[in-house]
Amino acid sequence: MILLSQIGFITPASKRFVSQNKRLLLPLFLLVCLAVPSLREITITALSDAFFQVSVFVAATLLIYYYAIEHIPQLEMNYLSAKSKPLEVLFASVLGALPGCGGAIIVVTQYTKGQASFGAIVAVLTATMGDAAFLLLATRPTEGLTIMAIGLVVGTLCGLIVNAIHTPDFLRPSAQEQKHQVKVLPTKIIKVSKPVWMFAIIPSLIIALLIAFNVDFSQFGQYTSTGISLFGAAMALFTVVIWAYSSKGETYKEITSEEDECNPPSKLIKVVQDTHFVTAWVVASFMLFEILVSVVGLDLKTWFMHYAYLAPLIAVIIGFLPGCGPQIIVTTLYIQGIIPFSALAANAISNDGDALFPAIAMAPKAAVIATLYTSIPALVVGYGLYFLS
């Protein structure tokens, strides 16, 4: 904040505004980096890479996923209160393994209503990877499917074990204790970006695919590569700004979780919302990495190679944090080749995504115990993969 004030980006009025919406710190930080000559090039590169390597593929993946849900209703079924407890746990794990946090939130809600067991809660929180699954599927589909399969199997086993230890009503809150805080609110600012994305998605996807296949853009003209980088950086910055204004950004939850659904619901708006959310955290991760490497001189990859045995433990600890934001950072570090697959798997099992917010709100004791339970298989799987690799 001091640096921002010194170069004129922060006035007393804007200080008050930023204090009310902490999301604005990210776009302001990016503007500062663009204004500093020594940081300008790495900032443009980081923004462009985040947009073409992540945002475009995430948007395409989300579009396919949400339209598939519309035409395959079974993928969005409400939690089935099965007579068979093993089937109940399996179904909870399936809902958790689906990308995003919707399935996990369904099971959490059904648990508070007495229609799901505590084992189902542990199963779904173990199986879910949250919105980080979209990022992994979009960039590393094989690893993404592998993580989903691991989460499904481990979640089912853990849920069955927990149900064998505890009664189905273990730690279930009474009706008076439940605090329903999941709301559907209108989101106006996000609609500003809808026409921009509709115009840019096709050419951006073509460029992203060409980049993925290592096409040399210099053959199309000496300024083509520079123009593409500037376009990608501009789109990433635009996306981060819209993300910053899409929420009040006052609380940790509002910063690290996805937006409330727009009213009336819209698949396209939902795709844009989730793409903005993932992009913002990926940009933050890319910039953190570039500054640590280029400015501070810290080689994260070498550090994790020397202390690889700590990677799964660190990933599990990060998984304790509610929300999908911190987990997206872990996934980004894996995609960049900084942390091993064992750490990614440990974080995927440990993290509960946005589902932990309603769980804490409606059943805080069950949320804490279930989260602690998920850390056990996370450590077992993480270090099992570490020693086997």
# chains A, B, ... in the order shown; residues from 1 in each chain; ligands from 1

$ residues_around --residues "Gly96 in chain A" --least-positions-apart "6" --cutoff "7 Å" --atoms "only C-alpha atoms" --output "PyMOL selection string"
chain A and resi 103-104+124-125+127-128

$ residues_around --residues "Ala59 in chain A" --least-positions-apart "2" --cutoff "12 Å" --atoms "only C-alpha atoms" --output "VMD selection string"
chain A and resid 51 to 57 61 to 66 134 to 135 137 to 139 194 197 to 198 200 to 202 204 to 205 208 239 267 to 279

$ closest_atom_pairs --of "range 48-158 of chain A" --to "range 339-344 of chain A" --cutoff "12 Å" --atoms "only C-alpha atoms" --output "JSON lines"
{"residue": "A:Met129", "atom": "CA", "partner": "A:Leu344", "partner_atom": "CA", "distance": 10.0}
{"residue": "A:Ala132", "atom": "CA", "partner": "A:Leu344", "partner_atom": "CA", "distance": 10.4}
{"residue": "A:Ala133", "atom": "CA", "partner": "A:Leu344", "partner_atom": "CA", "distance": 10.9}
{"residue": "A:Leu136", "atom": "CA", "partner": "A:Leu344", "partner_atom": "CA", "distance": 10.2}
{"residue": "A:Arg140", "atom": "CA", "partner": "A:Phe341", "partner_atom": "CA", "distance": 11.7}
{"residue": "A:Glu143", "atom": "CA", "partner": "A:Phe341", "partner_atom": "CA", "distance": 8.6}
{"residue": "A:Gly144", "atom": "CA", "partner": "A:Leu344", "partner_atom": "CA", "distance": 10.3}
{"residue": "A:Thr146", "atom": "CA", "partner": "A:Phe341", "partner_atom": "CA", "distance": 10.5}
{"residue": "A:Ile147", "atom": "CA", "partner": "A:Leu344", "partner_atom": "CA", "distance": 8.5}
{"residue": "A:Met148", "atom": "CA", "partner": "A:Leu344", "partner_atom": "CA", "distance": 11.7}
{"residue": "A:Ile150", "atom": "CA", "partner": "A:Leu344", "partner_atom": "CA", "distance": 11.4}
{"residue": "A:Gly151", "atom": "CA", "partner": "A:Leu344", "partner_atom": "CA", "distance": 11.6}

$ closest_residue --among "A:Leu321, A:Leu31, A:Leu171, A:Met287" --to "Thr112 in chain A" --atoms "only C-alpha atoms"
A:Leu171

$ residues_around --residues "range 363-372 of chain A" --least-positions-apart "6" --cutoff "9 Å" --atoms "only C-alpha atoms" --output "list of chain:residue names"
A:Val108, A:Tyr111, A:Thr112, A:Phe118, A:Gly119, A:Ile121, A:Val122, A:Leu125, A:Thr126, A:Phe170, A:Leu171, A:Arg172, A:Pro173, A:Glu177, A:Gln178, A:Lys179, A:Phe320, A:Ser350, A:Asn351, A:Asp352, A:Leu356, A:Phe357

$ atom_distance --atom1 "CA of Val283 in chain A" --atom2 "CA of Ala236 in chain A"
7.8 Å

$ closest_residue --among "A:Lys113, A:His71, A:Arg23, A:Lys85" --to "Lys248 in chain A" --atoms "only C-alpha atoms"
A:Arg23

$ residues_around --residues "range 308-319 of chain A" --least-positions-apart "3" --cutoff "9 Å" --atoms "only C-alpha atoms" --output "PyMOL selection string"
chain A and resi 303-305+322+326-327+330+339-340+342-353+375+378-379+382-383+386

$ atom_distance --atom1 "CA of Ala234 in chain A" --atom2 "CA of Tyr252 in chain A"
27.0 Å

$ closest_residue --among "A:Val107, A:Cys101, A:Ile228, A:Leu237" --to "Asp354 in chain A" --atoms "only C-alpha atoms"
A:Cys101

$ select_by_dssp --residues "range 44-210 of chain A" --states "helix (DSSP H, G or I)" --output "VMD selection string"
chain A and resid 44 to 71 73 to 76 85 to 97 102 to 112 118 to 127 132 to 139 141 to 165 190 to 210

$ atom_distance --atom1 "CA of Gly232 in chain A" --atom2 "CA of Val282 in chain A"
13.9 Å

$ closest_residue --among "A:Ser193, A:Ser266, A:Thr331, A:Ser218" --to "Met235 in chain A" --atoms "only C-alpha atoms"
A:Ser193
